[in-house]
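The next block holds one structure in the form of C-alpha cells; read it before the comments.
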Amino acid sequence: MPGNVITETWLAYAFERPVAIERVRAALGRVGAHYGAQMAEPPLLHASLGDTDGLALWRHDDDGSRWPAWAEGDGIVVASTAAPAGWRRVVGEVGAAEAAVPLGRALAERPERLADLVPPFVIGIREASAGPGAASGRLTIVNDFAGAGRIYEKRLEPTDSSLGAEGWVWSNRLGALPIFAGEEPEPDERGWALFAAAGWFIADATPIRGASKVAPGTAILVRAGAGGAGAHIHHHQTRAAGELAGQHEVYFRGAVDEAANQAIGLARDLAELFAEPPAVDLSGGRDSRISAAGAVAANIDCRFSTGDQEPGEVEIAKQLVETAPRRLEHLVTRPETDSDDDLRQRVRAIHLVHDGMRNPQEIRRPMPLPLPVEPTRPTISGHGGEIAHGFYYPSQKKLSEVREGGEAGLVDRLEQAARQKHGAAHRGAYRAYRSEVERALDQGRPHGLAGADLLDYFYLVQRLAYRSGLGARSGRYSACATPAFVRAAFDLTPEQRLEGKLHLELIARLVPEWSEVPFFEPDDAGPLPEIRRARIWEKPGHAETVEEMIADGKAWPELFRRRPVRGAWKDAREGKGHQHWEAIFNRIVWREGFEEHLRELGRAATAEPAGERLTPA
C-alpha cells in the first residue's frame, strides 16, 4: 500500500424525521461507488440502517488486522476507522479480537473514556431498541482527543438535500458528505482563506461549503424518538485534550514512568492487533526515537526504517541500531524518485483519496490509482513529539520573544510561523487566521494553560492532526501521541521542553544505551542542509504546469496577491527562488486542482448508483 493512504470509508447519519430506507440506500450507493472506484477491488459495505439514524463502513476483509472494524453482538454494532490501541485501559484484559463490542458499550456509557485511547480513530456505536414501543435506539460517535481520526459533518437541509429531510451526516471522508446529501459541492470561502494563511484548514474549516471538521475529543449523541419521531442530536465536547494538557497533581517522575509504560504498551498492542510486524520509523531526531525505544523495550518483532533524506541522519540511526540491547532489522531507504508524471493528474489522484485535507506538500509524492487491496501494515512513528520540545519556540531567543510579547505575542508567533517569511495571502486571510488562533488559545486557558504552553496546546489540537500526517495513513501510530506522553509533555516548563527533558528521561528508561547517542540537529545558523530533491520550479514538466496555473489560474487569485506571487515565480525560474515560496506554489497547485475535484464530487453526488453497491454485507 502506498504511504499516506486512507482506505476505509466510515459514515453515520441522523434525521429529524424518518426517511425512506430506499433513499438512504441510494445515498450510500453513491458514496460507495465514488470511493470504491479508487480501489483495485470495491470494498464490502457493512451497514446498520434505520429510517432516522444509521451506521455504515466500507472496508475490505483485512487478514492483517485482528481488530474487527465492524463488530456486532447483543444488540449493538460498533464501527471503527482504526484499531484503538490502549483498549485494555477501558475494558480490562480482553483480547483484540473480542474487544470492539465491550469497548463500544463503555464509550457509549462514558464517552470521556476516549481520552484513555491512542489516536487516530473514529468509533460509531449503534444500539438497538429496548423493546416494542420504546425509542428505536441510540447512536454514539466519538473521535480521538487529537482529532487525528478525522471526522467531518454536514447539516442536512430539506431544500438542499435529495434526502428531503433535516439532519446530519458524518464521515471520515469529507467528500462523502455532499455525495450522501446528493448536492453539488461549492468551495468554502472562509476555509480557503484560512488555508492560504496557514497552509492547512485550521479549526473547523474545510474546503467545501457547509462541511466542517468535528472538534477533537467530541462525543455526538443521537437518540431516536419513540412512535416514529425523528432523532435528537447533541454534540458533547469532552474536552479530553484540555484535560490531558491541563495541570496535574502528579510528580513528573511518575508521569514519565506512565509515558514509558504506554510507549511499551502501544508496541505490544500493535504486535497483537496486526499479523504483520510493525515498521518503525527511526530517524536521527528525537521524536521517532521515543517510539522506536518503546518497540525495543517491548521486545516485539518489528522492522526499523530510516529515510536517507538529510546528510547526517542515517549515520546517527546506524549508531542507534549498533548500540541497541538486541539485534534490530534495519533498512535505509533512499529518497523517492519523483516521476515525470502529469502534475494535474497527480493532484487529482491525491484529492480523490484525501478530499483536499492533506498537507499540500504532498504534491511531491505520486499517488498511483487504483489503490491495491493489501493487509494493513502498521507503522510506528514519532508524530506528536513536537509538543514536548517547543515546536513554535525552538530556541531560548524565540521563547524570550514570545514572553516579551505577552498575550498578543502568542498570536504574533503563530502568524509568523504561518507566513513563512512572506505575506502572499490577502490581508483578510491573515485576519481570519488570527481570529481562529485567538479562539483556539482561549479554549486552552480554562485548563490552566498560559504563555508558551498555549502554543504547544495549539499544536496538539490544531496542527497535529492535519499537518503531522498522523491520521493520513491507515495503520499509523505514535508513542508520542499516547495519553501519558501528552500529560508528561505539559508537565514540563518551556525551558525543559527546549532541553528535551521528557525525551531524554524516556529514552533513559526505555533504552538506556541510546542516551549517549546525540540527536540529529540541522545547523539553523549555517547554510540550509542539502535537499535531495528538485524544487517545484526546477522539475521539468511540473514547473511548466505551475507556470500555466500562475498565469491562467482562476481560483488561486482569490487566495493570494498576484504581483508578489508572479514576481517570486519569475525569480525562482531564474535560479533566485527562496525555499519558503515553495509552500505558496504548492498551495496554488492544491487550490487549482481542487476545482476539478469539486466537479468530480458533483458528478458522484448526482449519479445513479449501481444496484449491487446498495446491499449491506
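Starting from 1 in every chain, residues are counted up; chains themselves are A, B, ... following the order of the C-alpha cells, and ligands are numbered from 1 as listed.
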
Run DSSP on the backbone and grab whatever in region 320-514 of chain A lands in strand (DSSP E); send it over as number ranges by chain.
A: 329-333, 379-381, 476-478

Name the residues in contact with Asp257 (chain A) at a cut-off of 9 Å, using only C-alpha atoms, excluding same-chain residues fewer than 6 positions from it; report them as a PDB file with N, CA and C atoms, in the first residue's frame.
```pdb
ATOM      1  N   ALA A 484      -0.482   9.374  28.089  1.00  0.00           N
ATOM      2  CA  ALA A 484       0.524   9.643  29.119  1.00  0.00           C
ATOM      3  C   ALA A 484       1.634  10.556  28.596  1.00  0.00           C
ATOM      4  N   LEU A 506      12.641   9.621  28.958  1.00  0.00           N
ATOM      5  CA  LEU A 506      12.002   8.419  28.421  1.00  0.00           C
ATOM      6  C   LEU A 506      13.029   7.468  27.796  1.00  0.00           C
ATOM      7  N   ARG A 509      14.858   5.520  30.350  1.00  0.00           N
ATOM      8  CA  ARG A 509      14.073   4.434  30.950  1.00  0.00           C
ATOM      9  C   ARG A 509      13.880   3.277  29.978  1.00  0.00           C
TER      10      ARG A 509
END
```

Using only C-alpha atoms, which residues of region 17-38 of chain A come within 12 Å of region 354-368 of chain A, and what is the closest atom pair for each, with the distance in Å to one decimal? Give it as a Markdown table, sorted by chain and residue number.
```
| residue | atom | partner | partner_atom | distance |
| --- | --- | --- | --- | --- |
| A:His34 | CA | A:Asp355 | CA | 11.9 |
| A:Tyr35 | CA | A:His354 | CA | 10.5 |
| A:Gln38 | CA | A:Pro368 | CA | 9.7 |
```

Please save all heavy atoms of the selected residues as a CSV table (one decimal), in the first residue's frame.
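Once everything was written out, this is out-v3.csv:
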```csv
chain,number,residue,atom,x,y,z
A,34,HIS,N,-18.3,6.0,-5.4
A,34,HIS,CA,-17.2,7.0,-5.6
A,34,HIS,C,-15.9,6.5,-5.0
A,34,HIS,O,-14.8,6.5,-5.7
A,34,HIS,CB,-17.6,8.3,-5.0
A,34,HIS,CG,-16.5,9.4,-5.0
A,34,HIS,ND1,-16.1,10.0,-6.2
A,34,HIS,CD2,-15.7,9.9,-4.0
A,34,HIS,CE1,-15.2,10.9,-5.9
A,34,HIS,NE2,-14.9,10.8,-4.6
A,35,TYR,N,-15.9,6.1,-3.7
A,35,TYR,CA,-14.7,5.8,-3.1
A,35,TYR,C,-14.2,4.4,-3.4
A,35,TYR,O,-13.0,4.1,-3.4
A,35,TYR,CB,-14.8,5.9,-1.5
A,35,TYR,CG,-14.9,7.4,-1.1
A,35,TYR,CD1,-16.1,8.0,-0.8
A,35,TYR,CD2,-13.7,8.1,-1.1
A,35,TYR,CE1,-16.1,9.3,-0.4
A,35,TYR,CE2,-13.8,9.5,-0.8
A,35,TYR,CZ,-15.0,10.1,-0.4
A,35,TYR,OH,-15.0,11.4,-0.1
A,38,GLN,N,-11.7,4.1,-6.4
A,38,GLN,CA,-10.3,4.3,-6.1
A,38,GLN,C,-9.5,3.0,-5.9
A,38,GLN,O,-8.3,3.0,-6.0
A,38,GLN,CB,-10.1,5.2,-4.9
A,38,GLN,CG,-10.8,6.6,-5.0
A,38,GLN,CD,-10.8,7.3,-3.7
A,38,GLN,OE1,-10.0,6.9,-2.8
A,38,GLN,NE2,-11.5,8.4,-3.6
```

Give me the residues near Leu194 (chain A) as a ChimeraX atom specification, where near means some atom within 10 Å (using only C-alpha atoms) and where sequence neighbours in that chain fewer than 4 positions away do not count.
/A:189-190,198-203,205-207,425,428-434,436,559

Can I get the selection written as a PDB file, in the first residue's frame, with C-alpha atoms?
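Output file result06.pdb is given in full below:
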```
ATOM      1  CA  GLU A 189     -14.504  30.989   1.021  1.00  0.00           C
ATOM      2  CA  ARG A 190     -13.583  31.078   4.723  1.00  0.00           C
ATOM      3  CA  ALA A 198      -1.944  28.726   7.464  1.00  0.00           C
ATOM      4  CA  GLY A 199      -1.200  26.058   4.877  1.00  0.00           C
ATOM      5  CA  TRP A 200      -3.972  23.802   6.169  1.00  0.00           C
ATOM      6  CA  PHE A 201      -7.639  24.051   7.123  1.00  0.00           C
ATOM      7  CA  ILE A 202      -7.426  25.055  10.767  1.00  0.00           C
ATOM      8  CA  ALA A 203     -10.203  25.000  13.380  1.00  0.00           C
ATOM      9  CA  ALA A 205     -12.678  24.745   8.356  1.00  0.00           C
ATOM     10  CA  THR A 206     -12.786  22.565   5.256  1.00  0.00           C
ATOM     11  CA  PRO A 207     -12.547  23.382   1.531  1.00  0.00           C
ATOM     12  CA  ALA A 425      -2.166  35.835   1.141  1.00  0.00           C
ATOM     13  CA  GLY A 428      -8.393  39.236   5.143  1.00  0.00           C
ATOM     14  CA  ALA A 429      -6.944  35.738   5.260  1.00  0.00           C
ATOM     15  CA  TYR A 430      -4.493  36.698   7.993  1.00  0.00           C
ATOM     16  CA  ARG A 431      -7.246  38.471   9.929  1.00  0.00           C
ATOM     17  CA  ALA A 432      -9.388  35.321   9.754  1.00  0.00           C
ATOM     18  CA  TYR A 433      -6.400  33.200  10.802  1.00  0.00           C
ATOM     19  CA  ARG A 434      -5.637  35.416  13.813  1.00  0.00           C
ATOM     20  CA  GLU A 436      -9.197  31.392  14.802  1.00  0.00           C
ATOM     21  CA  LEU A 559      -6.270  33.387  -2.021  1.00  0.00           C
TER      22      LEU A 559
END
```

From region 183-299 of chain A, collect each residue whose DSSP state is helix (DSSP H, G or I) and return the set as a VMD selection string.
chain A and resid 189 to 198 240 to 245 252 to 273 287 to 298

Would you kindly return, as an mmCIF file with C-alpha atoms, in the first residue's frame, each protein, DNA or RNA residue with an atom no farther than 12 Å from any atom of Thr333 (chain A), considering only C-alpha atoms and excluding same-chain residues fewer than 4 positions away?
```
data_model
loop_
_atom_site.group_PDB
_atom_site.id
_atom_site.type_symbol
_atom_site.label_atom_id
_atom_site.label_comp_id
_atom_site.auth_asym_id
_atom_site.auth_seq_id
_atom_site.Cartn_x
_atom_site.Cartn_y
_atom_site.Cartn_z
ATOM 1 C CA ASP A 281 10.423 4.899 11.749
ATOM 2 C CA LEU A 282 13.902 5.624 13.081
ATOM 3 C CA SER A 283 15.367 8.961 12.078
ATOM 4 C CA PHE A 304 13.238 -0.329 11.675
ATOM 5 C CA SER A 305 13.463 2.026 8.723
ATOM 6 C CA THR A 306 15.433 5.233 8.117
ATOM 7 C CA GLY A 307 14.963 7.554 5.184
ATOM 8 C CA ASP A 308 18.158 8.974 3.721
ATOM 9 C CA GLN A 309 16.787 12.495 3.352
ATOM 10 C CA GLU A 310 19.303 14.822 5.025
ATOM 11 C CA GLU A 313 20.680 11.389 9.862
ATOM 12 C CA VAL A 314 21.447 7.889 8.623
ATOM 13 C CA THR A 337 12.279 9.195 -7.221
#
```

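Nearest to Ser161 (chain A) of all the residues A:His542, A:Glu574, A:Asp63, A:Ala27 is A:Ala27, counting only C-alpha atoms.
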
Selection: 9 Å around Ile387 (chain A), only C-alpha atoms, excl. self and same-chain fewer than 4 positions, as number ranges by chain:
A: 391, 455-457, 459-460, 480, 486, 489-490, 497

Of the listed residues A:Lys154, A:His597, A:Lys398, A:Arg487, that which approaches Tyr13 (chain A) most closely, counting only C-alpha atoms:
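When distances to Tyr13 (chain A) are compared using only C-alpha atoms, the smallest one comes from A:Lys154.
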
Might you pull out every residue within 9 Å of Glu374 (chain A), with only C-alpha atoms counted and same-chain residues fewer than 5 positions away left off, and present them as a list in words?
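Selected residues are Met1, His60, Asp62, Asp63 and Gly64 of chain A.
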
Output N, CA, C and O atoms of each residue in that selection to a file, as a PDB file, in the first residue's frame.
```
ATOM      1  N   MET A   1       0.840  -1.200   0.000  1.00  0.00           N
ATOM      2  CA  MET A   1       0.000   0.000   0.000  1.00  0.00           C
ATOM      3  C   MET A   1       0.871   1.244   0.000  1.00  0.00           C
ATOM      4  O   MET A   1       1.812   1.339   0.781  1.00  0.00           O
ATOM      5  N   HIS A  60     -12.414  -3.541   2.988  1.00  0.00           N
ATOM      6  CA  HIS A  60     -12.080  -4.886   2.533  1.00  0.00           C
ATOM      7  C   HIS A  60     -11.830  -5.782   3.737  1.00  0.00           C
ATOM      8  O   HIS A  60     -11.395  -5.314   4.797  1.00  0.00           O
ATOM      9  N   ASP A  62      -9.693  -7.682   5.968  1.00  0.00           N
ATOM     10  CA  ASP A  62      -8.285  -7.404   6.219  1.00  0.00           C
ATOM     11  C   ASP A  62      -7.670  -8.542   7.015  1.00  0.00           C
ATOM     12  O   ASP A  62      -7.828  -8.625   8.240  1.00  0.00           O
ATOM     13  N   ASP A  63      -6.968  -9.425   6.330  1.00  0.00           N
ATOM     14  CA  ASP A  63      -6.317 -10.542   7.014  1.00  0.00           C
ATOM     15  C   ASP A  63      -5.178 -10.078   7.911  1.00  0.00           C
ATOM     16  O   ASP A  63      -4.722 -10.834   8.770  1.00  0.00           O
ATOM     17  N   GLY A  64      -4.740  -8.824   7.722  1.00  0.00           N
ATOM     18  CA  GLY A  64      -3.632  -8.334   8.513  1.00  0.00           C
ATOM     19  C   GLY A  64      -4.030  -7.750   9.851  1.00  0.00           C
ATOM     20  O   GLY A  64      -3.170  -7.455  10.681  1.00  0.00           O
TER      21      GLY A  64
END
```

Can you write out as JSON lines which residues of region 436-500 of chain A fall within 9 Å of region 76-90 of chain A, alongside each residue's closest atom pair and its distance in Å to one decimal, counting only C-alpha atoms and ordering rows by chain and ascending residue number?
```
{"residue": "A:Ser474", "atom": "CA", "partner": "A:Ala82", "partner_atom": "CA", "distance": 7.2}
{"residue": "A:Gly475", "atom": "CA", "partner": "A:Ala82", "partner_atom": "CA", "distance": 7.0}
{"residue": "A:Tyr477", "atom": "CA", "partner": "A:Ala85", "partner_atom": "CA", "distance": 8.6}
{"residue": "A:Thr482", "atom": "CA", "partner": "A:Gly86", "partner_atom": "CA", "distance": 8.6}
```

In Å, rounded to a single decimal, give me how far CA of Phe594 (chain A) is from CA of Ile350 (chain A).
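Straight-line distance from CA of Ile350 (chain A) to CA of Phe594 (chain A) works out to 10.0 Å.
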
Can you list every residue of region 352-392 of chain A that has an atom at most 12 Å from region 498-501 of chain A, with its nearest atom pair and the distance in Å to one decimal, using only C-alpha atoms, ordered by chain then number, as a Markdown table?
```
| residue | atom | partner | partner_atom | distance |
| --- | --- | --- | --- | --- |
| A:Gly385 | CA | A:Gly500 | CA | 10.1 |
| A:Glu386 | CA | A:Gly500 | CA | 10.0 |
| A:Ile387 | CA | A:Gly500 | CA | 10.5 |
| A:Ala388 | CA | A:Gly500 | CA | 7.0 |
| A:His389 | CA | A:Leu498 | CA | 5.2 |
| A:Gly390 | CA | A:Leu498 | CA | 6.0 |
| A:Phe391 | CA | A:Leu498 | CA | 9.1 |
| A:Tyr392 | CA | A:Leu498 | CA | 10.6 |
```

Could the residues in this selection be saved with N, CA and C atoms as a PDB file, in the first residue's frame?
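What landed in result-v4.pdb:
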```
ATOM      1  N   GLY A 385       5.531  14.243  18.906  1.00  0.00           N
ATOM      2  CA  GLY A 385       6.591  14.559  19.846  1.00  0.00           C
ATOM      3  C   GLY A 385       6.923  16.035  19.924  1.00  0.00           C
ATOM      4  N   GLU A 386       6.492  16.801  18.924  1.00  0.00           N
ATOM      5  CA  GLU A 386       6.778  18.233  18.901  1.00  0.00           C
ATOM      6  C   GLU A 386       6.199  18.969  20.102  1.00  0.00           C
ATOM      7  N   ILE A 387       5.130  18.439  20.701  1.00  0.00           N
ATOM      8  CA  ILE A 387       4.538  19.137  21.850  1.00  0.00           C
ATOM      9  C   ILE A 387       5.467  19.128  23.056  1.00  0.00           C
ATOM     10  N   ALA A 388       6.532  18.331  23.016  1.00  0.00           N
ATOM     11  CA  ALA A 388       7.443  18.234  24.154  1.00  0.00           C
ATOM     12  C   ALA A 388       8.797  18.879  23.884  1.00  0.00           C
ATOM     13  N   HIS A 389       8.938  19.596  22.754  1.00  0.00           N
ATOM     14  CA  HIS A 389      10.214  20.301  22.569  1.00  0.00           C
ATOM     15  C   HIS A 389      10.047  21.661  21.901  1.00  0.00           C
ATOM     16  N   GLY A 390       8.922  22.335  22.170  1.00  0.00           N
ATOM     17  CA  GLY A 390       8.780  23.729  21.779  1.00  0.00           C
ATOM     18  C   GLY A 390       8.792  23.978  20.289  1.00  0.00           C
ATOM     19  N   PHE A 391       7.861  23.360  19.591  1.00  0.00           N
ATOM     20  CA  PHE A 391       7.812  23.497  18.131  1.00  0.00           C
ATOM     21  C   PHE A 391       7.755  24.960  17.698  1.00  0.00           C
ATOM     22  N   TYR A 392       6.961  25.773  18.390  1.00  0.00           N
ATOM     23  CA  TYR A 392       6.788  27.171  17.997  1.00  0.00           C
ATOM     24  C   TYR A 392       7.783  28.114  18.673  1.00  0.00           C
TER      25      TYR A 392
END
```

Neighbours of region 48-58 of chain A within 7 Å (only C-alpha atoms; same-chain residues fewer than 5 positions away dropped), as a PyMOL selection string?
chain A and resi 8-21+43+79+224+230-231

Kindly indicate which residue among A:Ile233, A:Ile316, A:Ala196, A:Leu464 lies nearest to Gly423 (chain A), using only C-alpha atoms for the distances.
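Smallest separation from Gly423 (chain A) among the options: A:Ala196.
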
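CA of His426 (chain A) is positioned 15.8 Å from CA of Asp188 (chain A).
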
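With only C-alpha atoms as the atoms that count, the residue of A:Ala26, A:Ile550, A:Ile141, A:Leu270 with the shortest distance to His235 (chain A) is A:Ile141.
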
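Among A:Val373, A:Leu328, A:Leu107, A:Val91, the residue with the shortest atom-to-atom distance to Arg303 (chain A), counting only C-alpha atoms, is A:Leu328.
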